[in-house]
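Chemist: Quick one: structure below, then a few questions.
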Amino acid sequence: MQFKAEHISFRYTDKSPLILEDVSLTIEAGERVGIVGPSGCGKSTFAKIMAGYQKPVKGQILIDDVPMERKVFCPVQMIYQHPELAVNPRWKMKKTLNECFEPDEYLLEQMGIEKAWLNRWPSELSGGELQRFCIARILAPQTKLLICDEITTMLDVITQAQIWKMLLEIADERKMSMAIITHNQALAEKVCTRIVRISD
Ligand SMILES: Nc1ncnc2c1ncn2[C@@H]1O[C@H](COP(=O)(O)OP(=O)(O)OP(=O)(O)O)[C@@H](O)[C@H]1O
């Protein structure tokens, strides 16, 4: 799948200044693109536009040259920095995991998710364990581009390394593309096939 963001401009309100102006990015199948830039330059905003959660004031998102829709299961999925804010605290993990599709045992094993965790509440898991669920629940076969917005920033270095190792193995196996937003230059250089910079 080819992903294209074309000439994206964005502002949060009619009266506020443009945060993004004429930003374009193409991601080919299997590419892992690092998106870096100074704090506040609009990386997370751009990620939400890429995923279709924010509508640009100008420009468009194309999937294989067709405008992207979020009505069906979207091939572009996003993972956030704070997994505890991305899950329903009143749902046990099994329900959260199976909300969109039912990940099979192979995927749970690949993600290092233990069966006993399925019966727990989100508050009964560590940040790293919770993030594994947030990743697994969107790794449906239809997912072709994964947008990762600072997804391991709050984790210890061992858990960070484990999660990236798993993700890269799955991405390679499925020829899935990734857009990786990070302040960690070393991480970007290690996991990305290309790095682009949003300048301020
Ligand atoms: N919901 C919002 N309403 C109004 N302004 C916002 C909103 N979200 C973000 N902004 C502003 O948009 C700008 C870009 O924010 P964004 O979070 O995209 O930057 P970023 O590059 O991801 O920053 P960081 O690296 O610090 O996470 C910032 O000035 C921020 O204050």
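By order in the structure tokens, chains are A, B, ...; within a chain, residues start at 1; ligands start at 1, following the order shown.
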Skip stretch 32-41 of chain A itself and residues of its chain fewer than 2 positions away, then list as number ranges by chain all residues within 8 Å of it, counting only C-alpha atoms.

Modeler: A: 19, 27, 30, 43, 177-183, 188, 191-200

Chemist: If we count only C-alpha atoms and set the cut-off at 12 Å, which residues sit around stretch 151-154 of chain A, ignoring sequence neighbours fewer than 2 positions away in its own chain? Please answer as a count of residues only.

Modeler: 40

Chemist: In terms of the shortest atom-to-atom distance over only C-alpha atoms and all ligand atoms, which of A:Ala47, A:Val57, A:Ile113, A:Ile170 is closest to ligand 1?

Modeler: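 With only C-alpha atoms and all ligand atoms as the atom set, the closest residue is A:Ala47.
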
Chemist: With only C-alpha atoms as the atoms that count, which of A:Ala136, A:Glu6, A:Glu109, A:Pro56 lies nearest to A:Lys94?

Modeler: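 Among A:Ala136, A:Glu6, A:Glu109, A:Pro56, it is A:Ala136 that comes nearest to A:Lys94.
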
Chemist: Check the smallest atom-to-atom distance from each of A:Lys144, A:Lys115, A:Lys55, A:Lys95 to A:Ala29 using only C-alpha atoms, then report the winner.

Modeler: A:Lys144

Chemist: Could you tell me, as a ChimeraX atom specification, which residues of stretch 45-163 of chain A DSSP assigns to strand (DSSP E or B) when given the backbone?

Modeler: /A:58-63,66-67,76-79,145-149

Chemist: So how far away is atom CA of A:Met68 from atom CA of A:Pro103, in Å?

Modeler: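 Pair atom CA of A:Pro103 / atom CA of A:Met68 returns 24.3 Å.
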
Chemist: For ligand 1, which of A:Phe3, A:Phe101, A:Glu150, A:Asn88 is the closest residue, counting only C-alpha atoms and all ligand atoms?

Modeler: A:Glu150

Chemist: Here is a test: counting only C-alpha atoms and all ligand atoms, which residue of A:Thr26, A:Gln54, A:Cys100, A:Pro122 is nearest to ligand 1?

Modeler: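 Closest residue, counting only C-alpha atoms and all ligand atoms: A:Gln54.
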
Chemist: Using only C-alpha atoms and all ligand atoms, pick whichever of A:Ala5, A:Glu28, A:Phe46, A:Tyr53 has the shortest atom-to-atom distance to ligand 1.

Modeler: A:Phe46
